[in-house]
$ cat coords_13.txt   # compact mmCIF, C-alpha atoms
# COMPACT_ATOMS: atom_id res chain seq x y z
CA MET A 1 -6.42 18.36 4.17
CA GLU A 2 -8.71 16.11 2.16
CA THR A 3 -7.86 12.48 2.88
CA LYS A 4 -10.96 11.18 1.07
CA PRO A 5 -10.32 10.66 -2.64
CA SER A 6 -11.80 13.16 -5.08
CA GLU A 7 -12.38 12.16 -8.71
CA ILE A 8 -10.34 14.17 -11.20
CA SER A 9 -11.05 12.31 -14.46
CA SER A 10 -13.22 9.55 -15.90
CA SER A 11 -13.15 7.73 -19.27
CA LYS A 12 -15.33 4.85 -20.41
CA MET A 13 -13.46 1.79 -21.71
CA PHE A 14 -14.68 -1.74 -22.52
CA GLY A 15 -17.99 -1.01 -20.79
CA GLY A 16 -16.30 0.07 -17.55
CA TYR A 17 -14.53 3.24 -16.44
CA ASN A 18 -10.98 4.44 -15.90
CA LYS A 19 -11.21 6.89 -13.02
CA ARG A 20 -8.40 8.97 -11.54
CA TYR A 21 -8.48 10.19 -7.94
CA LYS A 22 -6.51 12.56 -5.77
CA HIS A 23 -6.18 12.45 -1.98
CA PHE A 24 -3.87 13.56 0.80
CA SER A 25 -1.75 10.68 2.12
CA PRO A 26 -0.90 10.87 5.84
CA THR A 27 1.62 8.04 5.27
CA LEU A 28 3.60 10.02 2.68
CA GLY A 29 2.81 13.56 3.83
CA CYS A 30 1.70 14.78 0.40
CA SER A 31 -1.13 14.65 -2.12
CA MET A 32 -1.21 11.49 -4.22
CA THR A 33 -3.06 10.33 -7.31
CA PHE A 34 -4.18 6.83 -8.24
CA HIS A 35 -6.29 5.19 -10.94
CA ILE A 36 -9.02 2.61 -10.68
CA TYR A 37 -10.44 0.71 -13.62
CA PHE A 38 -13.97 -0.33 -12.67
CA PRO A 39 -15.29 -3.17 -14.87
CA PRO A 40 -18.92 -2.96 -16.04
CA SER A 41 -21.24 -3.78 -13.16
CA THR A 42 -23.94 -6.42 -13.43
CA SER A 43 -25.83 -5.36 -10.29
CA PRO A 44 -25.63 -2.54 -7.70
CA SER A 45 -24.61 -5.01 -4.97
CA HIS A 46 -21.83 -6.70 -6.98
CA ARG A 47 -18.32 -6.25 -5.56
CA PHE A 48 -15.18 -6.63 -7.68
CA PRO A 49 -11.94 -8.27 -6.56
CA VAL A 50 -8.93 -6.00 -7.02
CA LEU A 51 -5.58 -6.29 -8.77
CA TYR A 52 -2.94 -3.78 -7.69
CA TRP A 53 -0.45 -2.78 -10.37
CA LEU A 54 2.88 -1.27 -9.26
CA SER A 55 4.71 0.66 -11.97
CA GLY A 56 8.42 1.02 -12.66
CA LEU A 57 11.05 3.74 -12.45
CA THR A 58 10.00 7.20 -13.74
CA CYS A 59 6.35 6.13 -14.06
CA THR A 60 3.22 7.66 -12.53
CA ASP A 61 -0.21 6.14 -11.96
CA GLU A 62 -1.01 6.85 -15.62
CA ASN A 63 1.43 4.68 -17.63
CA PHE A 64 -0.25 1.33 -17.08
CA ILE A 65 -3.77 2.69 -17.56
CA ASN A 66 -2.80 4.43 -20.82
CA LYS A 67 -0.49 1.84 -22.37
CA SER A 68 -1.10 -1.73 -21.18
CA GLY A 69 -4.52 -2.54 -22.66
CA ALA A 70 -5.23 -4.54 -19.49
CA GLN A 71 -8.78 -3.19 -19.31
CA ARG A 72 -10.08 -5.49 -22.06
CA VAL A 73 -9.60 -8.69 -20.06
CA ALA A 74 -10.14 -6.99 -16.69
CA SER A 75 -13.58 -6.01 -18.03
CA SER A 76 -14.50 -9.52 -19.18
CA GLU A 77 -13.06 -11.19 -16.05
CA GLY A 78 -14.64 -8.66 -13.68
CA VAL A 79 -11.43 -7.56 -11.95
CA ALA A 80 -10.88 -3.96 -10.82
CA LEU A 81 -7.40 -2.52 -11.52
CA ILE A 82 -5.76 -0.26 -8.93
CA THR A 83 -2.68 1.71 -10.00
CA PRO A 84 -0.94 3.92 -7.44
CA ASP A 85 1.90 6.35 -8.16
CA THR A 86 5.54 5.31 -7.68
CA SER A 87 6.70 7.77 -4.99
CA PRO A 88 5.71 10.82 -2.96
CA ARG A 89 5.68 14.05 -4.98
CA GLY A 90 5.92 17.76 -4.32
CA LEU A 91 7.95 17.56 -1.12
CA SER A 92 10.98 19.43 -2.56
CA ILE A 93 13.60 17.29 -0.82
CA GLU A 94 17.10 18.25 -1.97
CA GLY A 95 18.28 15.78 -4.63
CA GLU A 96 14.86 14.12 -5.12
CA ALA A 97 14.87 14.71 -8.88
CA GLU A 98 18.58 14.59 -9.71
CA SER A 99 18.50 11.09 -11.22
CA TRP A 100 15.72 9.06 -12.79
CA GLU A 101 16.46 5.91 -10.79
CA PHE A 102 16.22 7.48 -7.33
CA GLY A 103 13.88 9.84 -5.46
CA VAL A 104 10.77 11.08 -7.30
CA GLY A 105 9.28 8.29 -9.44
CA ALA A 106 11.56 5.77 -7.74
CA GLY A 107 10.07 4.87 -4.36
CA PHE A 108 11.07 1.18 -4.59
CA TYR A 109 8.01 0.21 -2.51
CA LEU A 110 9.90 0.28 0.79
CA ASN A 111 9.75 2.25 4.03
CA ALA A 112 12.84 4.45 4.12
CA THR A 113 14.66 4.58 7.47
CA GLN A 114 17.05 7.45 6.69
CA GLU A 115 15.82 10.79 8.06
CA LYS A 116 16.17 12.73 4.80
CA TRP A 117 13.89 10.29 2.96
CA LYS A 118 11.47 9.59 5.82
CA ASN A 119 8.43 10.38 3.63
CA TRP A 120 9.36 7.60 1.19
CA ARG A 121 7.04 4.99 2.72
CA MET A 122 5.51 3.42 -0.37
CA TYR A 123 5.41 -0.01 1.30
CA ASP A 124 3.01 1.22 3.99
CA TYR A 125 1.08 3.27 1.44
CA VAL A 126 0.45 0.24 -0.81
CA VAL A 127 -0.02 -2.39 1.89
CA LYS A 128 -1.90 -0.40 4.55
CA GLU A 129 -3.18 3.05 3.59
CA LEU A 130 -4.46 2.46 0.06
CA PRO A 131 -6.46 -0.75 0.78
CA LYS A 132 -8.08 0.94 3.81
CA LEU A 133 -8.92 4.02 1.72
CA LEU A 134 -10.43 1.87 -1.04
CA ASN A 135 -12.44 -0.16 1.45
CA GLU A 136 -13.88 2.99 3.06
CA SER A 137 -14.51 4.93 -0.16
CA PHE A 138 -15.62 2.38 -2.79
CA PRO A 139 -18.24 -0.16 -1.64
CA GLN A 140 -18.14 -1.79 -5.09
CA LEU A 141 -14.58 -3.04 -4.39
CA ASP A 142 -13.93 -6.20 -2.38
CA THR A 143 -10.42 -5.48 -1.05
CA SER A 144 -10.40 -8.78 0.87
CA ARG A 145 -9.93 -10.44 -2.53
CA ALA A 146 -6.72 -8.87 -3.80
CA SER A 147 -3.78 -9.80 -6.01
CA ILE A 148 -0.69 -7.82 -6.98
CA SER A 149 1.46 -7.34 -10.07
CA GLY A 150 3.97 -4.89 -11.49
CA HIS A 151 6.80 -4.05 -13.85
CA SER A 152 10.56 -3.66 -13.20
CA MET A 153 10.81 -1.70 -9.91
CA GLY A 154 7.09 -2.42 -9.54
CA GLY A 155 7.68 -6.12 -10.15
CA HIS A 156 10.16 -5.97 -7.28
CA GLY A 157 7.48 -4.24 -5.21
CA ALA A 158 4.80 -6.79 -6.10
CA LEU A 159 6.99 -9.79 -5.28
CA THR A 160 8.33 -8.46 -1.98
CA ILE A 161 4.94 -7.18 -0.79
CA TYR A 162 3.28 -10.46 -1.72
CA LEU A 163 5.86 -12.62 0.03
CA LYS A 164 5.67 -10.58 3.24
CA ASN A 165 1.85 -10.52 3.20
CA LEU A 166 0.74 -13.93 1.97
CA ASP A 167 -2.48 -13.54 3.97
CA LYS A 168 -3.43 -10.36 2.09
CA TYR A 169 -2.93 -11.36 -1.57
CA LYS A 170 -4.22 -14.36 -3.55
CA SER A 171 -1.53 -14.29 -6.26
CA VAL A 172 1.41 -12.37 -7.70
CA SER A 173 2.92 -11.81 -11.14
CA ALA A 174 5.56 -9.54 -12.61
CA PHE A 175 7.05 -8.26 -15.86
CA ALA A 176 10.86 -7.93 -15.91
CA PRO A 177 11.09 -7.51 -12.13
CA ILE A 178 14.20 -6.38 -10.22
CA VAL A 179 14.31 -9.64 -8.26
CA ASN A 180 17.69 -9.31 -6.53
CA PRO A 181 18.13 -5.58 -5.84
CA THR A 182 20.86 -6.09 -3.22
CA ASN A 183 23.05 -7.30 -6.11
CA CYS A 184 22.30 -4.75 -8.85
CA PRO A 185 23.21 -1.07 -9.32
CA TRP A 186 19.63 0.26 -9.20
CA GLY A 187 18.90 -1.53 -5.95
CA GLN A 188 22.23 -0.71 -4.32
CA LYS A 189 21.82 3.01 -5.04
CA ALA A 190 18.24 3.10 -3.75
CA PHE A 191 18.79 0.90 -0.69
CA SER A 192 21.98 2.64 0.49
CA ASN A 193 20.18 6.01 0.38
CA TYR A 194 16.77 4.93 1.71
CA LEU A 195 17.84 2.26 4.19
CA GLY A 196 21.46 3.09 5.10
CA GLY A 197 24.56 0.93 5.00
CA ASN A 198 23.40 -2.21 6.84
CA LYS A 199 22.90 -4.76 4.08
CA THR A 200 20.87 -7.03 6.36
CA ASP A 201 18.17 -4.33 6.24
CA TRP A 202 18.28 -4.43 2.44
CA GLU A 203 17.39 -8.13 2.39
CA GLU A 204 13.93 -7.30 3.79
CA TYR A 205 13.15 -5.83 0.37
CA ASP A 206 14.84 -8.42 -1.86
CA ALA A 207 12.58 -11.12 -3.34
CA THR A 208 15.48 -13.54 -3.83
CA CYS A 209 16.30 -13.28 -0.11
CA LEU A 210 12.67 -13.28 1.07
CA ILE A 211 11.65 -16.42 -0.85
CA LYS A 212 13.87 -18.44 1.51
CA LYS A 213 11.75 -17.27 4.48
CA PHE A 214 8.25 -17.08 3.05
CA THR A 215 7.65 -20.34 1.21
CA ASP A 216 3.94 -20.90 1.84
CA VAL A 217 2.96 -19.66 -1.63
CA SER A 218 -0.47 -20.91 -2.72
CA ALA A 219 -0.60 -19.77 -6.37
CA THR A 220 2.24 -20.16 -8.89
CA ILE A 221 4.34 -17.01 -9.23
CA LEU A 222 4.17 -15.84 -12.87
CA ILE A 223 7.05 -13.81 -14.35
CA ASP A 224 7.48 -12.72 -17.97
CA GLN A 225 10.92 -11.50 -19.02
CA GLY A 226 11.95 -10.24 -22.45
CA GLU A 227 15.18 -11.82 -23.71
CA ASP A 228 16.15 -8.61 -25.54
CA ASP A 229 15.69 -6.49 -22.41
CA LYS A 230 18.84 -4.36 -22.11
CA PHE A 231 18.62 -4.52 -18.30
CA LEU A 232 18.34 -8.32 -18.14
CA HIS A 233 21.88 -9.28 -17.15
CA ASP A 234 23.02 -6.38 -14.95
CA GLN A 235 19.82 -5.18 -13.21
CA LEU A 236 17.03 -7.77 -13.32
CA LEU A 237 18.78 -11.14 -12.69
CA PRO A 238 15.71 -13.43 -12.98
CA HIS A 239 17.81 -16.59 -12.78
CA LYS A 240 18.87 -15.70 -9.23
CA PHE A 241 15.21 -15.72 -8.22
CA GLU A 242 14.58 -18.91 -10.20
CA GLU A 243 17.38 -20.68 -8.31
CA ALA A 244 16.03 -19.44 -4.97
CA CYS A 245 12.50 -20.65 -5.81
CA LYS A 246 13.84 -24.07 -6.77
CA SER A 247 15.76 -24.35 -3.49
CA ALA A 248 12.70 -23.26 -1.48
CA LYS A 249 10.36 -25.49 -3.56
CA VAL A 250 8.18 -22.48 -4.43
CA PRO A 251 6.16 -22.79 -7.67
CA LEU A 252 7.46 -20.33 -10.29
CA LEU A 253 6.59 -19.99 -13.97
CA LEU A 254 9.39 -17.86 -15.49
CA ARG A 255 8.71 -17.27 -19.18
CA LEU A 256 11.62 -15.89 -21.21
CA GLN A 257 10.15 -14.17 -24.25
CA PRO A 258 12.48 -14.06 -27.29
CA GLY A 259 12.91 -10.66 -28.95
CA TYR A 260 10.98 -8.62 -26.38
CA ASP A 261 12.43 -5.60 -24.56
CA HIS A 262 11.62 -3.77 -21.30
CA SER A 263 8.78 -1.60 -22.66
CA TYR A 264 5.00 -1.45 -22.58
CA PHE A 265 5.01 -3.09 -26.03
CA PHE A 266 6.22 -6.18 -24.19
CA ILE A 267 3.78 -5.73 -21.28
CA SER A 268 0.75 -5.24 -23.52
CA THR A 269 1.63 -8.41 -25.47
CA PHE A 270 1.36 -10.67 -22.42
CA ILE A 271 -0.86 -8.72 -19.98
CA ASP A 272 -3.96 -10.80 -20.81
CA ASP A 273 -2.26 -13.93 -19.42
CA HIS A 274 -1.47 -12.08 -16.21
CA ILE A 275 -5.00 -10.75 -15.72
CA ARG A 276 -6.41 -14.26 -16.24
CA HIS A 277 -3.79 -15.72 -13.86
CA HIS A 278 -5.03 -13.37 -11.14
CA ALA A 279 -8.72 -13.70 -12.01
CA GLN A 280 -8.46 -17.45 -11.49
CA ALA A 281 -6.87 -17.00 -8.04
CA LEU A 282 -9.27 -14.20 -7.04
CA ASN A 283 -12.39 -16.10 -8.00
CA LEU A 284 -11.57 -19.32 -6.19
CA PRO A 285 -14.13 -19.97 -3.44
$ encode --input "coords_13.txt" --output "structure tokens"
Amino acid sequence: METKPSEISSSKMFGGYNKRYKHFSPTLGCSMTFHIYFPPSTSPSHRFPVLYWLSGLTCTDENFINKSGAQRVASSEGVALITPDTSPRGLSIEGEAESWEFGVGAGFYLNATQEKWKNWRMYDYVVKELPKLLNESFPQLDTSRASISGHSMGGHGALTIYLKNLDKYKSVSAFAPIVNPTNCPWGQKAFSNYLGGNKTDWEEYDATCLIKKFTDVSATILIDQGEDDKFLHDQLLPHKFEEACKSAKVPLLLRLQPGYDHSYFFISTFIDDHIRHHAQALNLP
């Protein structure tokens, strides 16, 4: 099976290109797609730092590329955008598509330990397989300069991956992240199925728990949260993370945005700030 990525679409945007690729993932045991936005290149030898974007429940690798408008500032700042999918697909596991918040489109960026869901290893895919693939396949990308961001479930993924790999990423940001999944219905459903009943195992994928252990954060964590987000009080719980950051003396900028909801209208309004936040961290000597 073809593990090298093959290009399946290309569209010019702000002088650069949105390109979609397909490859077989040994980590996940299925074919996967991902997008890269390549900014306009100034010279053949120039290498771009990368910003990984992890999407939320029900999304694919296309939502962010099509809806966020992030390419405008990514183009001017010279940052490549990498958007993977949100779960394995096409494996036909019983129950994988029964609910929108679990299974297909809901990988939660963890490595499942339960036998039935053993292919759900999005943590290893994002942290290990994808960077190696990019490094081997795209010489114009400098994967040693990487940052990470995401929305909702993807914000959870970005925060937990960043905290557990502070040597691999220069900065992190998130929109409306699920910051305390061990204490919300989405997280409890996903973790009990993917990880089993031992709640100590769940804490390995909970940013509010992890921040107590991994405090050596170099760049301020940036989070935007809409105040009219219908999931704010029962699923997202940003104040739990804020309290944990204060206790651990970790720099956090949590911006509550009046009137905004959970959608890409909200993301596209503030995405420029996030791209610039990462560009600053990525371009430090």
$ closest_residue --input "coords_13.txt" --among "A:Thr143, A:Glu101, A:Val73, A:Asp228" --to "His277 (chain A)" --atoms "all atoms listed in the file"
A:Val73
$ atom_distance --input "coords_13.txt" --atom1 "CA of Tyr109 (chain A)" --atom2 "CA of Ser10 (chain A)"
26.8 Å
$ closest_residue --input "coords_13.txt" --among "A:Phe270, A:Phe102, A:Tyr17, A:Phe231" --to "Gly69 (chain A)" --atoms "all atoms listed in the file"
A:Phe270
$ closest_residue --input "coords_13.txt" --among "A:Lys132, A:Arg47, A:Lys240, A:His151" --to "Pro181 (chain A)" --atoms "all atoms listed in the file"
A:Lys240
$ atom_distance --input "coords_13.txt" --atom1 "CA of Asp273 (chain A)" --atom2 "CA of Ala80 (chain A)"
15.7 Å
$ residues_around --input "coords_13.txt" --residues "Ser173 (chain A)" --least-positions-apart "3" --cutoff "9 Å" --atoms "all atoms listed in the file" --output "list in words"
Ser147, Ile148, Ser149, Gly150, Gly155, Ala158, Leu159, Thr220, Ile221, Leu222, Ile223, Asp224, His274, His277 and His278 of chain A
$ axis_aligned_box --input "coords_13.txt" --around "region 247-252 of chain A" --padding-each-side "6 Å" --output "JSON"
{"center_x": 11.0, "center_y": -22.9, "center_z": -5.9, "size_x": 21.6, "size_y": 17.2, "size_z": 20.8}
$ closest_residue --input "coords_13.txt" --among "A:Lys212, A:Asp261, A:Ala248, A:Gln280" --to "Leu232 (chain A)" --atoms "all atoms listed in the file"
A:Asp261
$ closest_residue --input "coords_13.txt" --among "A:Cys184, A:Ile267, A:Ala279, A:Val127" --to "Ile65 (chain A)" --atoms "all atoms listed in the file"
A:Ile267
$ residues_around --input "coords_13.txt" --residues "Ser11 (chain A)" --least-positions-apart "2" --cutoff "12 Å" --atoms "all atoms listed in the file" --output "list in words"
Glu7, Ile8, Ser9, Met13, Phe14, Gly15, Gly16, Tyr17, Asn18, Lys19, Arg20, His35, Ile36, Tyr37, Phe38, Pro39, Ile65, Asn66 and Gln71 of chain A
$ write_last_selection --input "coords_13.txt" --atoms "C-alpha atoms" --output "CSV table (one decimal), keeping the file's coordinate frame"
chain,number,residue,atom,x,y,z
A,7,GLU,CA,-12.4,12.2,-8.7
A,8,ILE,CA,-10.3,14.2,-11.2
A,9,SER,CA,-11.0,12.3,-14.5
A,13,MET,CA,-13.5,1.8,-21.7
A,14,PHE,CA,-14.7,-1.7,-22.5
A,15,GLY,CA,-18.0,-1.0,-20.8
A,16,GLY,CA,-16.3,0.1,-17.6
A,17,TYR,CA,-14.5,3.2,-16.4
A,18,ASN,CA,-11.0,4.4,-15.9
A,19,LYS,CA,-11.2,6.9,-13.0
A,20,ARG,CA,-8.4,9.0,-11.5
A,35,HIS,CA,-6.3,5.2,-10.9
A,36,ILE,CA,-9.0,2.6,-10.7
A,37,TYR,CA,-10.4,0.7,-13.6
A,38,PHE,CA,-14.0,-0.3,-12.7
A,39,PRO,CA,-15.3,-3.2,-14.9
A,65,ILE,CA,-3.8,2.7,-17.6
A,66,ASN,CA,-2.8,4.4,-20.8
A,71,GLN,CA,-8.8,-3.2,-19.3
$ closest_residue --input "coords_13.txt" --among "A:Cys59, A:Cys30, A:Leu54, A:Ile275" --to "Thr3 (chain A)" --atoms "all atoms listed in the file"
A:Cys30
$ atom_distance --input "coords_13.txt" --atom1 "CA of Glu96 (chain A)" --atom2 "CA of Lys116 (chain A)"
10.1 Å
$ residues_around --input "coords_13.txt" --residues "Glu136 (chain A)" --least-positions-apart "5" --cutoff "12 Å" --atoms "only C-alpha atoms" --output "ChimeraX atom specification"
/A:3-5,129-131,141-143
$ residues_around --input "coords_13.txt" --residues "Val179 (chain A)" --least-positions-apart "2" --cutoff "7 Å" --atoms "only C-alpha atoms" --output "MDAnalysis selection string"
chainID A and resid 156 177 181 206:208 236:238 241
$ write_last_selection --input "coords_13.txt" --atoms "C-alpha atoms" --output "mmCIF file, in the coordinates of the input"
data_model
loop_
_atom_site.group_PDB
_atom_site.id
_atom_site.type_symbol
_atom_site.label_atom_id
_atom_site.label_comp_id
_atom_site.auth_asym_id
_atom_site.auth_seq_id
_atom_site.Cartn_x
_atom_site.Cartn_y
_atom_site.Cartn_z
ATOM 1 C CA HIS A 156 10.160 -5.970 -7.280
ATOM 2 C CA PRO A 177 11.090 -7.510 -12.130
ATOM 3 C CA PRO A 181 18.130 -5.580 -5.840
ATOM 4 C CA ASP A 206 14.840 -8.420 -1.860
ATOM 5 C CA ALA A 207 12.580 -11.120 -3.340
ATOM 6 C CA THR A 208 15.480 -13.540 -3.830
ATOM 7 C CA LEU A 236 17.030 -7.770 -13.320
ATOM 8 C CA LEU A 237 18.780 -11.140 -12.690
ATOM 9 C CA PRO A 238 15.710 -13.430 -12.980
ATOM 10 C CA PHE A 241 15.210 -15.720 -8.220
#
$ residues_around --input "coords_13.txt" --residues "Gln140 (chain A)" --least-positions-apart "5" --cutoff "12 Å" --atoms "only C-alpha atoms" --output "VMD selection string"
chain A and resid 36 to 50 78 to 80 134 to 135
$ residues_near_point --input "coords_13.txt" --point "(0.2, -14.2, 6.1)" --cutoff "12 Å" --atoms "all atoms listed in the file" --output "list in words"
Ile161, Tyr162, Leu163, Lys164, Asn165, Leu166, Asp167, Lys168, Tyr169, Lys170, Phe214, Thr215, Asp216, Val217 and Ser218 of chain A
$ write_last_selection --input "coords_13.txt" --atoms "C-alpha atoms" --output "compact mmCIF listing (two decimals), keeping the file's coordinate frame"
# COMPACT_ATOMS: atom_id res chain seq x y z
CA ILE A 161 4.94 -7.18 -0.79
CA TYR A 162 3.28 -10.46 -1.72
CA LEU A 163 5.86 -12.62 0.03
CA LYS A 164 5.67 -10.58 3.24
CA ASN A 165 1.85 -10.52 3.20
CA LEU A 166 0.74 -13.93 1.97
CA ASP A 167 -2.48 -13.54 3.97
CA LYS A 168 -3.43 -10.36 2.09
CA TYR A 169 -2.93 -11.36 -1.57
CA LYS A 170 -4.22 -14.36 -3.55
CA PHE A 214 8.25 -17.08 3.05
CA THR A 215 7.65 -20.34 1.21
CA ASP A 216 3.94 -20.90 1.84
CA VAL A 217 2.96 -19.66 -1.63
CA SER A 218 -0.47 -20.91 -2.72
$ decode --input "coords_13.txt" --residues "region 233-251 of chain A" --atoms "N, CA, C and O atoms" --output "JSON list (two decimals), in the first residue's frame"
[["chain", "number", "residue", "atom", "x", "y", "z"],
["A", 233, "HIS", "N", -20.65, 25.71, 29.29],
["A", 233, "HIS", "CA", -20.75, 25.38, 30.72],
["A", 233, "HIS", "C", -20.81, 23.89, 31.03],
["A", 233, "HIS", "O", -20.46, 23.48, 32.14],
["A", 234, "ASP", "N", -21.22, 23.06, 30.04],
["A", 234, "ASP", "CA", -21.31, 21.63, 30.37],
["A", 234, "ASP", "C", -20.22, 20.79, 29.71],
["A", 234, "ASP", "O", -19.91, 19.69, 30.18],
["A", 235, "GLN", "N", -19.58, 21.30, 28.63],
["A", 235, "GLN", "CA", -18.60, 20.48, 27.92],
["A", 235, "GLN", "C", -17.18, 21.08, 27.91],
["A", 235, "GLN", "O", -16.20, 20.34, 27.95],
["A", 236, "LEU", "N", -17.06, 22.39, 27.86],
["A", 236, "LEU", "CA", -15.76, 23.01, 27.58],
["A", 236, "LEU", "C", -15.00, 23.41, 28.85],
["A", 236, "LEU", "O", -13.79, 23.21, 28.93],
["A", 237, "LEU", "N", -15.67, 24.01, 29.81],
["A", 237, "LEU", "CA", -15.14, 24.26, 31.16],
["A", 237, "LEU", "C", -13.79, 25.01, 31.19],
["A", 237, "LEU", "O", -12.87, 24.60, 31.91],
["A", 238, "PRO", "N", -13.66, 26.12, 30.46],
["A", 238, "PRO", "CA", -12.35, 26.80, 30.40],
["A", 238, "PRO", "C", -11.84, 27.29, 31.75],
["A", 238, "PRO", "O", -10.63, 27.38, 31.97],
["A", 239, "HIS", "N", -12.76, 27.59, 32.65],
["A", 239, "HIS", "CA", -12.31, 28.14, 33.94],
["A", 239, "HIS", "C", -11.58, 27.09, 34.78],
["A", 239, "HIS", "O", -10.74, 27.44, 35.61],
["A", 240, "LYS", "N", -11.89, 25.82, 34.56],
["A", 240, "LYS", "CA", -11.15, 24.75, 35.25],
["A", 240, "LYS", "C", -9.68, 24.78, 34.83],
["A", 240, "LYS", "O", -8.77, 24.64, 35.64],
["A", 241, "PHE", "N", -9.46, 24.97, 33.54],
["A", 241, "PHE", "CA", -8.09, 25.04, 33.02],
["A", 241, "PHE", "C", -7.40, 26.32, 33.49],
["A", 241, "PHE", "O", -6.22, 26.30, 33.85],
["A", 242, "GLU", "N", -8.16, 27.41, 33.52],
["A", 242, "GLU", "CA", -7.61, 28.68, 33.99],
["A", 242, "GLU", "C", -7.12, 28.57, 35.43],
["A", 242, "GLU", "O", -6.02, 29.03, 35.77],
["A", 243, "GLU", "N", -7.93, 27.93, 36.26],
["A", 243, "GLU", "CA", -7.54, 27.74, 37.68],
["A", 243, "GLU", "C", -6.28, 26.88, 37.78],
["A", 243, "GLU", "O", -5.37, 27.18, 38.56],
["A", 244, "ALA", "N", -6.22, 25.82, 36.98],
["A", 244, "ALA", "CA", -5.06, 24.92, 37.01],
["A", 244, "ALA", "C", -3.79, 25.64, 36.54],
["A", 244, "ALA", "O", -2.71, 25.43, 37.11],
["A", 245, "CYS", "N", -3.92, 26.50, 35.52],
["A", 245, "CYS", "CA", -2.77, 27.27, 35.04],
["A", 245, "CYS", "C", -2.28, 28.24, 36.10],
["A", 245, "CYS", "O", -1.07, 28.40, 36.30],
["A", 246, "LYS", "N", -3.23, 28.88, 36.79],
["A", 246, "LYS", "CA", -2.84, 29.81, 37.86],
["A", 246, "LYS", "C", -2.07, 29.08, 38.95],
["A", 246, "LYS", "O", -1.03, 29.55, 39.42],
["A", 247, "SER", "N", -2.59, 27.93, 39.37],
["A", 247, "SER", "CA", -1.94, 27.14, 40.43],
["A", 247, "SER", "C", -0.54, 26.70, 40.01],
["A", 247, "SER", "O", 0.39, 26.68, 40.82],
["A", 248, "ALA", "N", -0.39, 26.34, 38.73],
["A", 248, "ALA", "CA", 0.90, 25.84, 38.23],
["A", 248, "ALA", "C", 1.81, 26.97, 37.74],
["A", 248, "ALA", "O", 2.93, 26.71, 37.30],
["A", 249, "LYS", "N", 1.31, 28.22, 37.82],
["A", 249, "LYS", "CA", 2.06, 29.40, 37.35],
["A", 249, "LYS", "C", 2.45, 29.27, 35.87],
["A", 249, "LYS", "O", 3.58, 29.59, 35.48],
["A", 250, "VAL", "N", 1.51, 28.78, 35.08],
["A", 250, "VAL", "CA", 1.71, 28.66, 33.63],
["A", 250, "VAL", "C", 1.03, 29.84, 32.93],
["A", 250, "VAL", "O", -0.13, 30.14, 33.23],
["A", 251, "PRO", "N", 1.73, 30.53, 32.02],
["A", 251, "PRO", "CA", 1.14, 31.70, 31.38],
["A", 251, "PRO", "C", 0.00, 31.34, 30.41],
["A", 251, "PRO", "O", 0.21, 30.58, 29.46]]
